[in-house]
Amino acid sequence: MTTTVLTKAPPARSRALHTFAAMMARDARVLRRNFVMSAVRIIIQPLLFVFVFAYVLPKVGGGAGPGGEAFSTIMVPGLVGSSMVLQAMAAVTFPLVMELSGPGAIEDRALAPVSVRVLGLQKILSAVVEGLVAGILVFPVVLLVHAQGQGPAVEVANWPMLVFVLLAGAVLASAIGMYLATRIDPRQIQVLFTLVMFPAMMLGCVYFPWTALEGTPWLQIAVLFNPMVYMNEGLRAVLTPQIDHMPSWAFLLALAVGAAGFVWLAMRSFARRVMQ
């Protein structure tokens with residue numbers, strides 16, 4: 001005679017957390033496997049910019065930016081912020097486009113014992129991690145590459161605000177990336193990054209502070225529709241507070257409301273696409 005021992009199934013919340021952790025571990029493994037090539041791709045553009053503006057221009061007598069500050073100082077927040085935004089967006093947009101357009105790719109993930117919204121949150125969180133990694137990789141580059149005597153004057157003025165700006169900016173960029181991936185024709189995604197993201201970076205207060213646009217009021221107002229502006233101005237306020245920047249309440253409010261709003265929009269659009 002055999003005795004069958006029945007064990008109680010783990011709670012649904014425990015299963016969901018275990019599955020969520022497993023999906024994060026899978027994405028971390030993929031990131032680790034492609035780390036070298038990803039790091040080169042992330043670093044190369046900021047490296048070229050700081051080499052030209054912080055090393056070459058001072059050598060030829062043109063190393064001062066708006067307000068007489070060194071370009072190396074002005075560009076630290078902008079290059080770190082823009083690198084984070086672009087990487088966080090790309091980390092969720094391109095893989096999700098392939099999963100949604102490929103045969104059965106997203107269905108395999110949807111079979112996981114978690115809700116579709118949890119699956120979407122995992123994708124956003126994974127992209128947030130990649131965006132933060134991009135910022136960590138770029139910061140030493142923009143801090144160390146410069147001509148002699150042209151080093152950036154960087155000082156963290158407010159650590160809690162720095163953490164908030166980094167996290168909220170990465171969440172905002174990831175959520176925007178997910179929303180675009182679920183709303184745009186996959187054949188147009190490359191065009192989107194060429195025609196939209198490049199102008200967004202050039203006018204995202206990367207190479208100049210937002211206050212420098214006071215002489216062109218229409219442009220100063222127009223760039224407020226660019227989410228990258230708030231990320232870069234937030235980093236400028238906490239990393240280079242000696243440079244004029246957007247009022248703190250403005251970029252904090254924009255990042256908080258923008259992150260919450262786009263996460264809601266992205267999750268709603270993602271769930272609708274997966275369930276179709």
# chains A, B, ... in the order shown; residues from 1 in each chain; ligands from 1
$ residues_around --residues "Leu192 (chain A)" --least-positions-apart "4" --cutoff "12 Å" --atoms "only C-alpha atoms" --output "PDB file with N, CA, C and O atoms, in the first residue's frame"
ATOM      1  N   MET A  89      14.902  53.732 -23.434  1.00  0.00           N
ATOM      2  CA  MET A  89      13.889  53.613 -24.478  1.00  0.00           C
ATOM      3  C   MET A  89      14.205  52.464 -25.422  1.00  0.00           C
ATOM      4  O   MET A  89      13.348  51.639 -25.747  1.00  0.00           O
ATOM      5  N   ALA A  90      15.450  52.406 -25.891  1.00  0.00           N
ATOM      6  CA  ALA A  90      15.825  51.364 -26.840  1.00  0.00           C
ATOM      7  C   ALA A  90      15.727  49.982 -26.218  1.00  0.00           C
ATOM      8  O   ALA A  90      15.384  49.008 -26.900  1.00  0.00           O
ATOM      9  N   THR A  93      11.931  49.253 -26.412  1.00  0.00           N
ATOM     10  CA  THR A  93      11.244  49.454 -27.686  1.00  0.00           C
ATOM     11  C   THR A  93      11.602  48.381 -28.709  1.00  0.00           C
ATOM     12  O   THR A  93      10.715  47.695 -29.246  1.00  0.00           O
ATOM     13  N   PHE A  94      12.879  48.205 -28.998  1.00  0.00           N
ATOM     14  CA  PHE A  94      13.278  47.282 -30.064  1.00  0.00           C
ATOM     15  C   PHE A  94      12.951  45.824 -29.747  1.00  0.00           C
ATOM     16  O   PHE A  94      12.388  45.121 -30.592  1.00  0.00           O
ATOM     17  N   GLY A 177       9.138  54.350 -24.196  1.00  0.00           N
ATOM     18  CA  GLY A 177       9.576  53.337 -25.144  1.00  0.00           C
ATOM     19  C   GLY A 177       8.561  52.229 -25.316  1.00  0.00           C
ATOM     20  O   GLY A 177       8.288  51.795 -26.438  1.00  0.00           O
ATOM     21  N   LEU A 180       5.480  53.597 -27.298  1.00  0.00           N
ATOM     22  CA  LEU A 180       5.764  53.717 -28.729  1.00  0.00           C
ATOM     23  C   LEU A 180       5.805  52.353 -29.402  1.00  0.00           C
ATOM     24  O   LEU A 180       5.299  52.184 -30.516  1.00  0.00           O
ATOM     25  N   ALA A 181       6.388  51.367 -28.726  1.00  0.00           N
ATOM     26  CA  ALA A 181       6.504  50.029 -29.311  1.00  0.00           C
ATOM     27  C   ALA A 181       5.146  49.386 -29.540  1.00  0.00           C
ATOM     28  O   ALA A 181       4.989  48.580 -30.460  1.00  0.00           O
ATOM     29  N   ARG A 183       2.312  51.124 -30.122  1.00  0.00           N
ATOM     30  CA  ARG A 183       1.413  51.987 -30.895  1.00  0.00           C
ATOM     31  C   ARG A 183       1.867  52.246 -32.328  1.00  0.00           C
ATOM     32  O   ARG A 183       1.062  52.656 -33.157  1.00  0.00           O
ATOM     33  N   ILE A 184       3.141  52.010 -32.610  1.00  0.00           N
ATOM     34  CA  ILE A 184       3.692  52.389 -33.910  1.00  0.00           C
ATOM     35  C   ILE A 184       3.929  51.153 -34.755  1.00  0.00           C
ATOM     36  O   ILE A 184       4.306  50.086 -34.248  1.00  0.00           O
ATOM     37  N   ASP A 185       3.709  51.304 -36.043  1.00  0.00           N
ATOM     38  CA  ASP A 185       3.990  50.238 -36.997  1.00  0.00           C
ATOM     39  C   ASP A 185       5.466  49.839 -36.889  1.00  0.00           C
ATOM     40  O   ASP A 185       6.352  50.691 -36.931  1.00  0.00           O
ATOM     41  N   PRO A 186       5.754  48.541 -36.712  1.00  0.00           N
ATOM     42  CA  PRO A 186       7.154  48.108 -36.579  1.00  0.00           C
ATOM     43  C   PRO A 186       8.041  48.565 -37.723  1.00  0.00           C
ATOM     44  O   PRO A 186       9.246  48.777 -37.531  1.00  0.00           O
ATOM     45  N   ARG A 187       7.468  48.736 -38.905  1.00  0.00           N
ATOM     46  CA  ARG A 187       8.282  49.166 -40.050  1.00  0.00           C
ATOM     47  C   ARG A 187       8.707  50.625 -39.939  1.00  0.00           C
ATOM     48  O   ARG A 187       9.607  51.060 -40.657  1.00  0.00           O
ATOM     49  N   GLN A 188       8.069  51.377 -39.037  1.00  0.00           N
ATOM     50  CA  GLN A 188       8.385  52.793 -38.894  1.00  0.00           C
ATOM     51  C   GLN A 188       9.255  53.095 -37.685  1.00  0.00           C
ATOM     52  O   GLN A 188       9.575  54.256 -37.438  1.00  0.00           O
ATOM     53  N   VAL A 196      12.799  61.585 -34.897  1.00  0.00           N
ATOM     54  CA  VAL A 196      12.284  62.139 -33.647  1.00  0.00           C
ATOM     55  C   VAL A 196      13.361  62.198 -32.575  1.00  0.00           C
ATOM     56  O   VAL A 196      13.570  63.242 -31.942  1.00  0.00           O
ATOM     57  N   MET A 197      14.074  61.091 -32.357  1.00  0.00           N
ATOM     58  CA  MET A 197      15.014  61.038 -31.246  1.00  0.00           C
ATOM     59  C   MET A 197      16.238  61.921 -31.471  1.00  0.00           C
ATOM     60  O   MET A 197      16.750  62.521 -30.525  1.00  0.00           O
ATOM     61  N   PHE A 198      16.719  62.007 -32.708  1.00  0.00           N
ATOM     62  CA  PHE A 198      17.885  62.865 -32.955  1.00  0.00           C
ATOM     63  C   PHE A 198      17.558  64.337 -32.688  1.00  0.00           C
ATOM     64  O   PHE A 198      18.303  65.013 -31.956  1.00  0.00           O
ATOM     65  N   PRO A 199      16.446  64.887 -33.234  1.00  0.00           N
ATOM     66  CA  PRO A 199      16.088  66.267 -32.870  1.00  0.00           C
ATOM     67  C   PRO A 199      15.817  66.427 -31.376  1.00  0.00           C
ATOM     68  O   PRO A 199      16.143  67.463 -30.790  1.00  0.00           O
ATOM     69  N   ALA A 200      15.223  65.391 -30.747  1.00  0.00           N
ATOM     70  CA  ALA A 200      14.956  65.481 -29.319  1.00  0.00           C
ATOM     71  C   ALA A 200      16.246  65.608 -28.520  1.00  0.00           C
ATOM     72  O   ALA A 200      16.314  66.341 -27.528  1.00  0.00           O
TER      73      ALA A 200
END
$ closest_residue --among "A:Ala153, A:Arg33, A:Ile43, A:Pro95" --to "Gln242 (chain A)" --atoms "only C-alpha atoms"
A:Ala153
$ select_by_dssp --residues "region 106-182 of chain A" --states "helix (DSSP H, G or I)" --output "ChimeraX atom specification"
/A:106-110,116-144,159-182
$ atom_distance --atom1 "CA of Ala54 (chain A)" --atom2 "CA of Cys205 (chain A)"
16.9 Å
$ closest_residue --among "A:Arg117, A:Ala212, A:Leu235, A:Ile42" --to "Leu86 (chain A)" --atoms "only C-alpha atoms"
A:Ile42
$ closest_residue --among "A:Ser126, A:Ser248, A:Gln45, A:Asn34" --to "Ala170 (chain A)" --atoms "only C-alpha atoms"
A:Ser126
$ atom_distance --atom1 "CA of Phe35 (chain A)" --atom2 "CA of Gln122 (chain A)"
19.9 Å
$ atom_distance --atom1 "CA of Pro227 (chain A)" --atom2 "CA of Val141 (chain A)"
23.7 Å
$ closest_residue --among "A:Leu144, A:Leu195, A:Val128, A:Val133" --to "Leu167 (chain A)" --atoms "only C-alpha atoms"
A:Val128
$ residues_around --residues "Val238 (chain A)" --least-positions-apart "2" --cutoff "9 Å" --atoms "only C-alpha atoms" --output "PyMOL selection string"
chain A and resi 77+154-159+161-162+233-236+240-241
